[in-house]
Amino acid sequence: MEFFKHNTQIDFMAQRKGAAIISIVLFALSILSLAIYGLNWGLDFTGGTQIQLSYPHEANLNDIRNRLEKAGFPEAVVISYGTSKDVLVSLVPKDKKHIQQDVKAQANVVNQVLAALPDAKMEQVNYIGPQVGGEMATKGLIAIIISLLGTMVYIAFRFDLRFAIGSTVALIHDPVIILGVFSFFQIEFNLIALAAILTVIGYSLNDTIVIFDRVREDFRKYRKASATEILNQATNQTLSRTIMTSFLSLMVVLALYFLGGSLLHGFSLALIIGIVVGTYSSIYVAGTLALALGVDRQHLVPQNKKIDEHP
């Protein structure tokens with residue numbers, strides 16, 4: 001099944017200057033939003049208490065929030081967990097200096113919550129200290145940096161350094177825009193959202209490598225074509241595959257966003273943005289930047305060495 005024929009002749013590279021302007025503007029706005037608003041860190045990174053509760057009937061989330069606010073927990077995050085009878089209460093402190101680190105103090109907080117919610121049955125309590133949360137944030141950043149460096153080295157060996165730089169910039173471009181959206185709308189950023197960003201990096205890289213692999217093949221087939229023509233040709237040849245992969249993935253993620261519950265909203269939203277932006281960056285960031293850096297046939301196709309037959 002194909003949406004586009006192999007002989008499609010869309011001139012993608014003709015729009016590369018406009019696409020570059022759009023990418024720069026979105027990237028700059030994302031950095032600006034992160035600098036001004038920062039990220040709305042979840043309990044995984046800030047530390048705090050997380051209580052899983054169950055009710056014998058369908059839980060009224062608004063009533064639970066009102067009861068907790070009257071009990072002295074106005075910043076409590078209350079969401080459905082699994083079923084309509086299960087509730088997850090997250091108590092994320094605003095001031096790290098006043099995070100409850102003592103076991104007795106933590107137990108006191110849990111007892112206050114249960115006293116405010118007499119119909120609830122406590123299933124599980126998780127506590128994350130500020131040091132553990134800070135360590136998670138650091139390790140998450142290190143994981144992203146290592147994945148980007150590993151990707152750059154791999155593409156440099158398999159293709160060319162110009163392609164490696166282009167793909168790495170594209171892989172930085174995608175997560176920053178996702179983080180910019182999370183920052184601007186103050187959507188909670190937790191470990192699940194971080195996992196989504198790492199998934200987006202792999203998804204975008206896969207699409208980029210498919211195009212680069214076709215570029216190398218076309219350089220061998222069409223020896224008189226320019227680099228711009230080859231990039232256009234390769235993008236058109238993989239267009240049907242790109243559309244089908246992105247469309248089907250997007251359908252699944254949209255189902256997660258609308259039907260998966262509030263717990264998966266951050267994860268699915270990051271994937272939705274990542275699929276759209278990642279598909280765009282594979283064409284207009286990675287390929288365009290490689291072209292701007294002067295990629296040519298000689299960088300991808302081994303040149304035949306002339307043998308000197310003279311004695």
# chains A, B, ... in the order shown; residues from 1 in each chain; ligands from 1
$ residues_around --residues "stretch 208-213 of chain A" --least-positions-apart "4" --cutoff "8 Å" --atoms "only C-alpha atoms" --output "short mmCIF file (atom, residue, chain, number, x, y, z; two decimals) with N, CA and C atoms, in the first residue's frame"
data_model
loop_
_atom_site.label_atom_id
_atom_site.label_comp_id
_atom_site.auth_asym_id
_atom_site.auth_seq_id
_atom_site.Cartn_x
_atom_site.Cartn_y
_atom_site.Cartn_z
N PHE A 159 27.74 6.92 7.35
CA PHE A 159 27.51 7.79 6.20
C PHE A 159 28.65 8.80 6.06
N PHE A 163 26.38 14.44 7.40
CA PHE A 163 25.09 13.84 7.76
C PHE A 163 24.98 13.68 9.28
N SER A 167 21.90 15.31 11.35
CA SER A 167 20.97 14.48 12.13
C SER A 167 21.02 14.84 13.61
N SER A 204 12.67 9.74 15.34
CA SER A 204 13.17 10.70 14.36
C SER A 204 14.43 10.20 13.69
N GLU A 217 22.27 5.50 -1.99
CA GLU A 217 21.97 4.65 -3.14
C GLU A 217 21.77 5.47 -4.40
N ALA A 234 15.52 11.25 -3.09
CA ALA A 234 15.46 10.31 -1.97
C ALA A 234 14.25 10.58 -1.08
N THR A 235 13.95 11.85 -0.84
CA THR A 235 12.79 12.20 0.00
C THR A 235 11.49 11.77 -0.66
N THR A 238 10.98 7.92 -0.43
CA THR A 238 10.61 7.41 0.90
C THR A 238 9.36 8.09 1.46
N SER A 282 13.31 15.46 9.82
CA SER A 282 14.05 14.49 9.01
C SER A 282 14.25 15.00 7.60
N ILE A 283 13.28 15.75 7.11
CA ILE A 283 13.35 16.28 5.74
C ILE A 283 14.03 17.64 5.71
N ALA A 286 17.66 17.80 9.02
CA ALA A 286 18.82 16.92 8.82
C ALA A 286 19.34 17.00 7.38
N GLY A 287 18.44 16.81 6.39
CA GLY A 287 18.87 16.82 5.00
C GLY A 287 19.32 18.20 4.53
#
$ atom_distance --atom1 "atom CA of A:Tyr203" --atom2 "atom CA of A:Ile243"
13.4 Å
$ select_by_dssp --residues "stretch 58-216 of chain A" --states "strand (DSSP E or B)" --output "list in words"
Val77, Val78, Ile79, Ser80, Tyr81, Thr83, Ser84, Lys85, Asp86, Val87, Leu88, Val89, Ser90, Leu91, Lys121, Met122, Glu123, Gln124, Val125, Asn126, Tyr127, Ile128, Glu188 and Phe189 of chain A
$ atom_distance --atom1 "atom CA of A:Ile79" --atom2 "atom CA of A:Glu135"
25.6 Å
$ closest_residue --among "A:Ala164, A:Ile230, A:Leu194, A:Ala120" --to "A:Gly42" --atoms "only C-alpha atoms"
A:Leu194
$ residues_around --residues "stretch 255-267 of chain A" --least-positions-apart "3" --cutoff "12 Å" --atoms "only C-alpha atoms" --output "JSON, numbers by chain"
{"A": [40, 41, 42, 61, 77, 78, 79, 80, 81, 82, 83, 84, 86, 87, 88, 89, 90, 178, 179, 181, 182, 183, 185, 186, 187, 188, 189, 190, 191, 192, 193, 194, 195, 196, 197, 198, 199, 200, 248, 249, 250, 251, 252, 270, 271, 272, 273, 274]}
$ atom_distance --atom1 "atom CA of A:Phe12" --atom2 "atom CA of A:Ser268"
28.9 Å
$ residues_around --residues "A:Phe184" --least-positions-apart "5" --cutoff "12 Å" --atoms "only C-alpha atoms" --output "VMD selection string"
chain A and resid 29 to 40 177 to 179 189
$ closest_residue --among "A:Tyr55, A:Pro175, A:Ile145, A:Asp296" --to "A:Lys224" --atoms "only C-alpha atoms"
A:Asp296
